[in-house]
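Worksheet for the structure shown next.
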Amino acid sequence: MNAERDLTRLLAGLRPELDPGRYVFTTVDGPAPAGVAPVVTVTEPEGLTLVVRQEEADAASLAYDYVAGRITLRVHSALDAVGLTAAVAGELAAAGMSCNVVAGFHHDHLFVEHARAEEALAVLNRLAERSGDRTG
């Protein structure tokens, strides 16, 4: 399957999917502790940022202060596609929701406040429906 670059088709094909887990952002000075399988890592001068399941962070006594839901946009977006992150984050911002976006090779992953994850999913589904009306 070829990665999509057209913004209207990307938005119409979002197919957002909410992972049932709870995720947290934490940081460590060295490698990820044993028993912790990060879904995202970011190396920064201040340390290694890990996005991990909350239960793994708790078991490893890792500190965090933000619990997120993870929404995967099932559309296969091209890494050089223009506007997808802005459109999605803008839609969620208009609903008063923060959004931390991580681009994978095949999909974009959104980390939103866990307590509002279902609401965020509904916002994204409405965005896809509106965009689909423009492609038909």
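Identifiers in the structure tokens: chain A, B, ... in order shown; residue index from 1 per chain; ligand index from 1 in order shown.
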> Near Pro33 in chain A, counting only C-alpha atoms, which residues have an atom at most 12 Å away, once you skip same-chain residues fewer than 5 positions from it, shown as number ranges by chain?
Replying inline: A: 26-28, 38, 48, 50, 52, 56-62
Can those selected residues be exported to a file as a PDB file, in the first residue's frame so that it contains N, CA, C and O atoms?
```pdb
ATOM      1  N   THR A  26       7.606   9.571  30.718  1.00  0.00           N
ATOM      2  CA  THR A  26       8.564   9.614  31.804  1.00  0.00           C
ATOM      3  C   THR A  26       9.952   9.791  31.210  1.00  0.00           C
ATOM      4  O   THR A  26      10.115   9.761  29.990  1.00  0.00           O
ATOM      5  N   THR A  27      10.932   9.986  32.049  1.00  0.00           N
ATOM      6  CA  THR A  27      12.294  10.141  31.558  1.00  0.00           C
ATOM      7  C   THR A  27      13.260   9.390  32.471  1.00  0.00           C
ATOM      8  O   THR A  27      13.015   9.273  33.672  1.00  0.00           O
ATOM      9  N   VAL A  28      14.326   8.873  31.863  1.00  0.00           N
ATOM     10  CA  VAL A  28      15.364   8.146  32.602  1.00  0.00           C
ATOM     11  C   VAL A  28      16.728   8.650  32.134  1.00  0.00           C
ATOM     12  O   VAL A  28      16.865   9.196  31.042  1.00  0.00           O
ATOM     13  N   PRO A  38       8.956   0.511  26.022  1.00  0.00           N
ATOM     14  CA  PRO A  38       8.413   1.775  25.518  1.00  0.00           C
ATOM     15  C   PRO A  38       7.787   1.627  24.137  1.00  0.00           C
ATOM     16  O   PRO A  38       8.278   0.867  23.302  1.00  0.00           O
ATOM     17  N   LEU A  48      16.479  10.270  28.462  1.00  0.00           N
ATOM     18  CA  LEU A  48      15.702   9.478  27.505  1.00  0.00           C
ATOM     19  C   LEU A  48      14.230   9.535  27.898  1.00  0.00           C
ATOM     20  O   LEU A  48      13.846   9.084  28.982  1.00  0.00           O
ATOM     21  N   LEU A  50      10.549   8.265  27.668  1.00  0.00           N
ATOM     22  CA  LEU A  50       9.866   7.011  27.369  1.00  0.00           C
ATOM     23  C   LEU A  50       8.370   7.241  27.429  1.00  0.00           C
ATOM     24  O   LEU A  50       7.876   7.905  28.347  1.00  0.00           O
ATOM     25  N   VAL A  52       5.327   4.837  27.932  1.00  0.00           N
ATOM     26  CA  VAL A  52       5.118   3.442  28.338  1.00  0.00           C
ATOM     27  C   VAL A  52       3.727   3.266  28.919  1.00  0.00           C
ATOM     28  O   VAL A  52       3.075   4.233  29.307  1.00  0.00           O
ATOM     29  N   GLU A  56       3.451  -0.495  33.608  1.00  0.00           N
ATOM     30  CA  GLU A  56       4.892  -0.744  33.544  1.00  0.00           C
ATOM     31  C   GLU A  56       5.659   0.345  34.294  1.00  0.00           C
ATOM     32  O   GLU A  56       6.623   0.059  35.006  1.00  0.00           O
ATOM     33  N   ALA A  57       5.240   1.593  34.121  1.00  0.00           N
ATOM     34  CA  ALA A  57       5.889   2.699  34.833  1.00  0.00           C
ATOM     35  C   ALA A  57       5.719   2.520  36.342  1.00  0.00           C
ATOM     36  O   ALA A  57       6.670   2.719  37.109  1.00  0.00           O
ATOM     37  N   ASP A  58       4.521   2.145  36.757  1.00  0.00           N
ATOM     38  CA  ASP A  58       4.273   1.945  38.189  1.00  0.00           C
ATOM     39  C   ASP A  58       5.138   0.812  38.736  1.00  0.00           C
ATOM     40  O   ASP A  58       5.742   0.949  39.803  1.00  0.00           O
ATOM     41  N   ALA A  59       5.221  -0.291  37.999  1.00  0.00           N
ATOM     42  CA  ALA A  59       6.015  -1.439  38.459  1.00  0.00           C
ATOM     43  C   ALA A  59       7.495  -1.089  38.565  1.00  0.00           C
ATOM     44  O   ALA A  59       8.203  -1.625  39.429  1.00  0.00           O
ATOM     45  N   ALA A  60       7.970  -0.191  37.704  1.00  0.00           N
ATOM     46  CA  ALA A  60       9.383   0.210  37.713  1.00  0.00           C
ATOM     47  C   ALA A  60       9.624   1.461  38.561  1.00  0.00           C
ATOM     48  O   ALA A  60      10.734   1.998  38.570  1.00  0.00           O
ATOM     49  N   SER A  61       8.581   1.946  39.246  1.00  0.00           N
ATOM     50  CA  SER A  61       8.665   3.155  40.085  1.00  0.00           C
ATOM     51  C   SER A  61       9.154   4.372  39.305  1.00  0.00           C
ATOM     52  O   SER A  61       9.954   5.175  39.798  1.00  0.00           O
ATOM     53  N   LEU A  62       8.676   4.514  38.079  1.00  0.00           N
ATOM     54  CA  LEU A  62       9.021   5.672  37.247  1.00  0.00           C
ATOM     55  C   LEU A  62       8.029   6.801  37.517  1.00  0.00           C
ATOM     56  O   LEU A  62       6.824   6.571  37.588  1.00  0.00           O
TER      57      LEU A  62
END
```
Which polymer residues have any atom within 12 Å of an atom of Phe105 in chain A, counting only C-alpha atoms, with same-chain residues fewer than 6 positions away left out, as an mmCIF file with all heavy atoms, in the first residue's frame?
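Now in selection.cif:
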```cif
data_model
loop_
_atom_site.group_PDB
_atom_site.id
_atom_site.type_symbol
_atom_site.label_atom_id
_atom_site.label_comp_id
_atom_site.auth_asym_id
_atom_site.auth_seq_id
_atom_site.Cartn_x
_atom_site.Cartn_y
_atom_site.Cartn_z
ATOM 1 N N ASN A 2 0.602 2.174 -0.895
ATOM 2 C CA ASN A 2 1.363 3.414 -0.961
ATOM 3 C C ASN A 2 0.894 4.375 0.107
ATOM 4 O O ASN A 2 -0.293 4.463 0.411
ATOM 5 C CB ASN A 2 1.209 4.065 -2.333
ATOM 6 C CG ASN A 2 1.902 3.264 -3.408
ATOM 7 O OD1 ASN A 2 2.882 2.578 -3.131
ATOM 8 N ND2 ASN A 2 1.405 3.345 -4.630
ATOM 9 N N ALA A 3 1.811 5.129 0.658
ATOM 10 C CA ALA A 3 1.484 6.133 1.663
ATOM 11 C C ALA A 3 0.744 7.288 0.995
ATOM 12 O O ALA A 3 1.086 7.705 -0.107
ATOM 13 C CB ALA A 3 2.748 6.612 2.335
ATOM 14 N N ARG A 74 -5.348 5.130 11.513
ATOM 15 C CA ARG A 74 -5.088 3.940 10.708
ATOM 16 C C ARG A 74 -4.780 4.264 9.246
ATOM 17 O O ARG A 74 -4.337 3.393 8.501
ATOM 18 C CB ARG A 74 -6.269 2.961 10.788
ATOM 19 C CG ARG A 74 -6.620 2.502 12.204
ATOM 20 C CD ARG A 74 -5.489 1.874 12.987
ATOM 21 N NE ARG A 74 -4.898 0.764 12.269
ATOM 22 C CZ ARG A 74 -3.754 0.175 12.606
ATOM 23 N NH1 ARG A 74 -3.076 0.592 13.643
ATOM 24 N NH2 ARG A 74 -3.285 -0.823 11.905
ATOM 25 N N VAL A 75 -4.984 5.504 8.823
ATOM 26 C CA VAL A 75 -4.619 5.879 7.465
ATOM 27 C C VAL A 75 -3.092 5.785 7.346
ATOM 28 O O VAL A 75 -2.371 6.102 8.286
ATOM 29 C CB VAL A 75 -5.133 7.304 7.117
ATOM 30 C CG1 VAL A 75 -4.452 8.375 7.950
ATOM 31 C CG2 VAL A 75 -4.999 7.596 5.635
ATOM 32 N N HIS A 76 -2.624 5.305 6.200
ATOM 33 C CA HIS A 76 -1.174 5.185 5.979
ATOM 34 C C HIS A 76 -0.671 6.502 5.407
ATOM 35 O O HIS A 76 -0.683 6.725 4.204
ATOM 36 C CB HIS A 76 -0.889 4.024 5.031
ATOM 37 C CG HIS A 76 0.576 3.766 4.831
ATOM 38 N ND1 HIS A 76 1.029 2.771 4.020
ATOM 39 C CD2 HIS A 76 1.680 4.353 5.324
ATOM 40 C CE1 HIS A 76 2.347 2.766 4.018
ATOM 41 N NE2 HIS A 76 2.766 3.727 4.807
ATOM 42 N N SER A 77 -0.230 7.376 6.288
ATOM 43 C CA SER A 77 0.206 8.706 5.879
ATOM 44 C C SER A 77 1.678 8.705 5.493
ATOM 45 O O SER A 77 2.491 8.040 6.127
ATOM 46 C CB SER A 77 -0.020 9.701 7.022
ATOM 47 O OG SER A 77 0.649 9.271 8.191
ATOM 48 N N ALA A 78 1.975 9.457 4.454
ATOM 49 C CA ALA A 78 3.371 9.628 4.041
ATOM 50 C C ALA A 78 4.062 10.539 5.045
ATOM 51 O O ALA A 78 3.461 11.479 5.571
ATOM 52 C CB ALA A 78 3.440 10.242 2.645
ATOM 53 N N LEU A 79 5.317 10.281 5.304
ATOM 54 C CA LEU A 79 6.056 11.109 6.250
ATOM 55 C C LEU A 79 6.215 12.544 5.752
ATOM 56 O O LEU A 79 6.369 13.464 6.550
ATOM 57 C CB LEU A 79 7.418 10.477 6.539
ATOM 58 C CG LEU A 79 7.335 9.204 7.380
ATOM 59 C CD1 LEU A 79 8.685 8.486 7.384
ATOM 60 C CD2 LEU A 79 6.878 9.504 8.789
ATOM 61 N N ASP A 80 6.132 12.753 4.442
ATOM 62 C CA ASP A 80 6.247 14.104 3.902
ATOM 63 C C ASP A 80 4.895 14.718 3.545
ATOM 64 O O ASP A 80 4.831 15.754 2.895
ATOM 65 C CB ASP A 80 7.194 14.139 2.695
ATOM 66 C CG ASP A 80 6.714 13.285 1.526
ATOM 67 O OD1 ASP A 80 5.750 12.497 1.689
ATOM 68 O OD2 ASP A 80 7.316 13.386 0.444
#
```
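Take the candidates A:Leu124, A:Glu17, A:Phe25, A:Ala68 and check each one against Val42 in chain A using only C-alpha atoms; the shortest distance goes to A:Phe25.
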>> Could you go through chain A and tell me which residues DSSP, when run on the backbone, assigns to alpha helix (DSSP H), listing them as a PyMOL selection string?
In response: chain A and resi 7-12+54-59+84-94+117-135
> What residues in range 3-108 of chain A get the DSSP label strand (DSSP E or B)? Please answer as a VMD selection string.
Replying inline: chain A and resid 4 16 to 18 23 to 28 40 to 44 47 to 53 67 to 73 77 100 to 103 108
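Ranking A:Glu113, A:Gly47, A:Val39, A:Gly90 by their shortest atom-to-atom distance to Leu127 in chain A, with only C-alpha atoms included, puts A:Gly90 first.
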> For Gly30 in chain A, which residue among A:His114, A:Glu46, A:Arg130, A:Ala103 is the nearest when counting only C-alpha atoms?
Replying inline: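 Closest to Gly30 in chain A of all the choices is A:Glu46.
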> What lies within 9 Å of Gly21 in chain A using only C-alpha atoms, ignoring chain neighbours under 4 positions off, as a list of chain:residue names?
Replying inline: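 Contacts, with the query itself left out: A:Arg53, A:Gln54, A:Ala68, A:Gly69, A:Arg70.
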> What is the distance between CA of Leu92 in chain A and CA of Thr8 in chain A, in Å to one decimal?
Replying inline: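 Distance reported for this atom pair: 17.3 Å.
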> Expressed in Å to a single decimal, how great is the separation between CA of Ala94 in chain A and CA of Val51 in chain A?
Replying inline: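 Computed distance, CA of Ala94 in chain A to CA of Val51 in chain A, equals 25.2 Å.
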> Counting only C-alpha atoms, what is within 12 Å of Asp133 in chain A, bar same-chain residues fewer than 3 positions away, as JSON, numbers by chain?
Replying inline: {"A": [8, 9, 11, 12, 13, 126, 127, 128, 129, 130, 136]}
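Proximity ranking of A:Val112, A:Val101, A:Ala63, A:Ala32 relative to Thr85 in chain A places A:Val101 first, based on only C-alpha atoms.
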